[in-house]
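model35.cif, holding mmCIF, C-alpha atoms:
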```cif
data_input
#
loop_
_atom_site.label_atom_id
_atom_site.label_comp_id
_atom_site.auth_asym_id
_atom_site.auth_seq_id
_atom_site.Cartn_x
_atom_site.Cartn_y
_atom_site.Cartn_z
CA MET A 268 150.67 80.17 86.07
CA MET A 269 149.96 77.22 88.33
CA THR A 270 150.44 77.25 92.10
CA GLY A 271 150.79 73.52 92.54
CA ARG A 272 147.04 72.79 92.32
CA GLU A 273 145.65 70.22 89.97
CA LEU A 274 143.08 71.21 87.39
CA GLY A 275 139.58 70.98 88.90
CA ALA A 276 140.80 71.22 92.51
CA LYS A 277 138.61 73.12 95.00
CA VAL A 278 139.64 76.73 95.38
CA SER A 279 138.35 79.33 97.80
CA SER A 280 139.02 83.04 97.96
CA LEU A 281 138.63 83.06 101.76
CA PHE A 282 141.14 80.40 102.75
CA ASP A 283 143.32 77.69 101.35
CA VAL A 284 141.18 74.55 101.09
CA ALA A 285 144.23 72.29 100.94
CA ALA A 286 145.42 73.68 104.30
CA GLN A 287 142.43 72.04 106.01
CA HIS A 288 143.99 68.62 105.63
CA ARG A 289 147.31 69.61 107.25
CA PRO A 290 147.64 69.57 111.04
CA LEU A 291 147.56 73.03 112.64
CA LYS A 292 150.74 74.14 114.39
CA ASN A 293 149.95 77.53 115.91
CA ALA A 294 146.37 78.51 115.12
CA GLY A 295 146.34 81.71 117.23
CA SER A 296 143.19 83.10 118.78
CA SER A 297 140.15 85.01 117.66
CA VAL A 298 137.43 87.07 119.31
CA ILE A 299 133.76 87.00 118.29
CA SER A 300 131.28 89.57 119.52
CA PHE A 301 127.52 89.15 119.46
CA VAL A 302 124.72 91.64 119.82
CA CYS A 303 123.25 89.40 122.47
CA ASP A 304 125.17 86.77 124.37
CA PRO A 305 124.27 83.40 122.76
CA ARG A 306 124.45 81.62 126.14
CA HIS A 307 121.35 83.52 127.26
CA ASP A 308 119.26 82.74 124.18
CA ASP A 309 117.93 79.57 125.82
CA ASP A 310 116.43 81.66 128.65
CA MET A 311 114.46 83.74 126.16
CA HIS A 312 112.74 80.67 124.72
CA LYS A 313 111.57 79.64 128.19
CA ALA A 314 109.70 82.93 128.76
CA LYS A 315 105.96 82.56 128.96
CA LYS A 316 104.12 83.91 125.93
CA VAL A 317 101.32 86.37 126.63
CA TYR A 318 98.14 86.16 124.58
CA TYR A 319 95.62 88.99 124.34
CA GLU A 320 91.98 88.63 123.45
CA ASN A 321 90.50 90.56 120.56
CA THR A 322 88.72 93.77 121.50
CA TYR A 323 86.47 93.81 118.43
CA GLN A 324 86.59 97.60 118.61
CA LEU A 325 85.98 98.79 115.07
CA ASP A 326 85.93 102.56 115.67
CA PRO A 327 88.59 104.66 117.37
CA PRO A 328 87.79 106.19 120.78
CA ALA A 329 88.64 109.63 119.31
CA LYS A 330 89.05 110.28 115.59
CA PHE A 331 92.24 111.75 114.17
CA ARG A 332 91.79 115.50 113.87
CA ALA A 333 93.66 117.05 110.95
CA ASP A 334 92.72 120.54 112.16
CA LYS A 335 94.80 119.97 115.33
CA VAL A 336 97.76 118.42 113.50
CA LYS A 337 98.16 120.94 110.65
CA PRO A 338 99.28 123.81 112.97
CA ILE A 339 101.91 121.50 114.48
CA ILE A 340 103.35 120.75 111.05
CA GLU A 341 103.31 124.43 110.07
CA LYS A 342 105.02 125.53 113.29
CA VAL A 343 107.79 122.91 113.11
CA LEU A 344 108.53 123.67 109.45
CA GLU A 345 108.56 127.43 110.01
CA THR A 346 110.69 127.24 113.16
CA HIS A 347 113.45 125.17 111.57
CA LEU A 348 113.40 126.41 107.98
CA GLU A 349 112.95 130.18 108.30
CA GLY A 350 115.90 131.89 106.58
CA LYS A 351 117.57 128.60 105.49
CA LYS A 352 119.27 128.14 102.13
CA TYR A 353 119.25 124.84 100.29
CA ASP A 354 122.10 122.44 101.01
CA PRO A 355 121.46 118.86 99.84
CA VAL A 356 123.27 117.12 102.71
CA GLU A 357 121.91 119.39 105.44
CA CYS A 358 118.36 119.22 104.06
CA SER A 359 118.35 115.41 103.88
CA ILE A 360 119.35 115.23 107.56
CA LEU A 361 116.95 118.02 108.45
CA SER A 362 114.00 116.33 106.73
CA LYS A 363 114.49 113.21 108.88
CA LYS A 364 114.83 115.31 112.02
CA LEU A 365 111.70 117.36 111.24
CA SER A 366 109.72 114.25 110.39
CA ASP A 367 110.61 112.69 113.73
CA GLU A 368 109.84 115.91 115.64
CA ILE A 369 106.43 116.27 113.99
CA LYS A 370 105.59 112.64 114.73
CA GLN A 371 106.56 113.02 118.40
CA LYS A 372 104.42 116.14 118.81
CA VAL A 373 101.43 114.46 117.15
CA LYS A 374 101.86 111.44 119.46
CA GLU A 375 101.45 113.84 122.39
CA LEU A 376 97.89 114.50 121.18
CA ASP A 377 97.24 110.85 122.09
CA PHE A 378 95.15 109.58 119.19
CA LYS A 379 94.68 106.04 120.46
CA ARG A 380 95.03 103.03 118.16
CA TYR A 381 96.46 105.01 115.23
CA LYS A 382 99.69 104.21 113.44
CA LEU A 383 101.37 107.43 112.35
CA VAL A 384 103.44 107.87 109.20
CA CYS A 385 105.18 111.22 108.85
CA THR A 386 107.04 112.50 105.78
CA VAL A 387 108.89 115.75 105.16
CA THR A 388 110.15 116.71 101.72
CA ILE A 389 112.58 119.61 101.34
CA GLY A 390 113.71 120.89 97.96
CA GLN A 391 115.44 123.77 96.27
CA LYS A 392 113.32 126.54 94.82
CA HIS A 393 114.73 127.23 91.38
CA ASN A 394 111.99 128.35 88.92
CA GLN A 395 110.38 124.92 88.69
CA GLY A 396 107.03 123.40 89.45
CA VAL A 397 106.72 120.59 91.97
CA GLN A 398 103.96 118.08 92.52
CA ILE A 399 104.10 115.80 95.54
CA GLY A 400 101.70 112.88 95.62
CA SER A 401 101.08 109.86 97.81
CA ARG A 402 98.91 106.79 97.57
CA TYR A 403 97.72 104.61 100.41
CA LEU A 404 95.24 101.80 100.70
CA TRP A 405 93.10 102.80 103.65
CA ASP A 406 89.68 102.95 105.23
CA ALA A 407 88.09 106.28 104.31
CA ASP A 408 85.87 106.25 107.42
CA ARG A 409 88.65 105.83 109.99
CA ASP A 410 91.98 106.85 108.40
CA ASN A 411 92.95 110.46 107.76
CA PHE A 412 95.88 112.76 107.05
CA ALA A 413 97.11 116.30 107.62
CA ALA A 414 99.53 118.24 105.43
CA ALA A 415 101.16 121.66 105.43
CA SER A 416 103.82 123.37 103.38
CA PHE A 417 106.44 126.07 103.84
CA HIS A 418 108.54 128.08 101.43
CA ASN A 419 110.97 130.98 101.39
CA ARG A 420 113.16 132.43 98.63
CA HIS A 421 115.49 129.42 98.54
CA ILE A 422 113.62 126.29 99.63
CA PHE A 423 110.21 124.66 99.78
CA ALA A 424 109.06 122.00 102.23
CA ASP A 425 106.04 119.75 102.50
CA GLY A 426 105.13 117.90 105.67
CA SER A 427 102.47 115.19 105.88
CA VAL A 428 101.15 113.02 108.68
CA TYR A 429 99.08 109.95 107.80
CA ALA A 430 97.02 108.37 110.58
CA LEU A 431 96.04 104.75 109.92
CA TYR A 432 93.59 103.18 112.36
CA TYR A 433 94.87 99.94 113.83
CA GLU A 434 92.05 97.59 114.85
#
```

In structure tokens, how does this file's structure come out?
Amino acid sequence: MMTGRELGAKVSSLFDVAAQHRPLKNAGSSVISFVCDPRHDDDMHKAKKVYYENTYQLDPPAKFRADKVKPIIEKVLETHLEGKKYDPVECSILSKKLSDEIKQKVKELDFKRYKLVCTVTIGQKHNQGVQIGSRYLWDADRDNFAAASFHNRHIFADGSVYALYYE
């Protein structure tokens, strides 16, 4: 089944390549939207770049305190998960929400120069054993973590906050 094209002719699934060589009669119009207006991109390149000097501060002003963070994790998990039953869709959304809430509350403790990584795992309790592990490459003198868990008859949850010192 040939459509009038010679063997070996250029073919495209997006448009008819042969139509490029014919004059356009009524091309119509199209609209393109950008996240940022491309006309203003030139202004961004003219902005003056700010350079900061190194502080050479090797130790944090205040160390990350796991004993202050663990009660926050426990309280958030207990508040939101008490009496809940396992639903895979709801729990996946809830784990993201809880992770963000825990991270925001830990940020309020104002541990300066720490990057925070927060994870929450929620699973169904169904006569099984669970082991949750994590591995990080970090400085044992400056980096730290806090973890807490929650469970009821139907679900289990594990929340962890990792504080990585940023020099």

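In this comparison, which uses only C-alpha atoms, the residue of A:Phe378, A:Tyr319, A:Phe412, A:Phe331 approaching Val428 of chain A most closely is A:Phe412.
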
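Taking atom CA of Gly390 of chain A and atom CA of Ile360 of chain A as endpoints, the distance between them is 12.5 Å.
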
Interatomic distance, atom CA of Ala413 of chain A to atom CA of Glu375 of chain A (Å, one decimal):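 According to the coordinates, atom CA of Ala413 of chain A and atom CA of Glu375 of chain A are separated by 15.6 Å.
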
Pairwise distance for atom CA of Tyr429 of chain A and atom CA of Leu404 of chain A, rounded to one decimal in Å: 11.5 Å

Pick from A:Lys363, A:Arg402, A:Arg380, A:Lys351 nearest to Asn419 of chain A, counting all atoms listed in the file: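 Closest residue, counting all atoms listed in the file: A:Lys351.
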
Expansion of the PyMOL selection byres ((chain A and resi 418) around 10) into residues, as a list in words: Leu344, Glu345, Leu348, Glu349, Gly350, Lys351, Ile389, Gly390, Gln391, Lys392, Ser416, Phe417, Asn419, Arg420, His421, Ile422, Phe423, Ala424 and Asp425 of chain A

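Under the PyMOL selection byres ((chain A and resi 408) around 12), the matching residues in the shown file are Leu325, Asp326, Pro327, Lys330, Phe331, Trp405, Asp406, Ala407, Arg409, Asp410, Asn411, Phe412, Ala430, Leu431 and Tyr432 of chain A.
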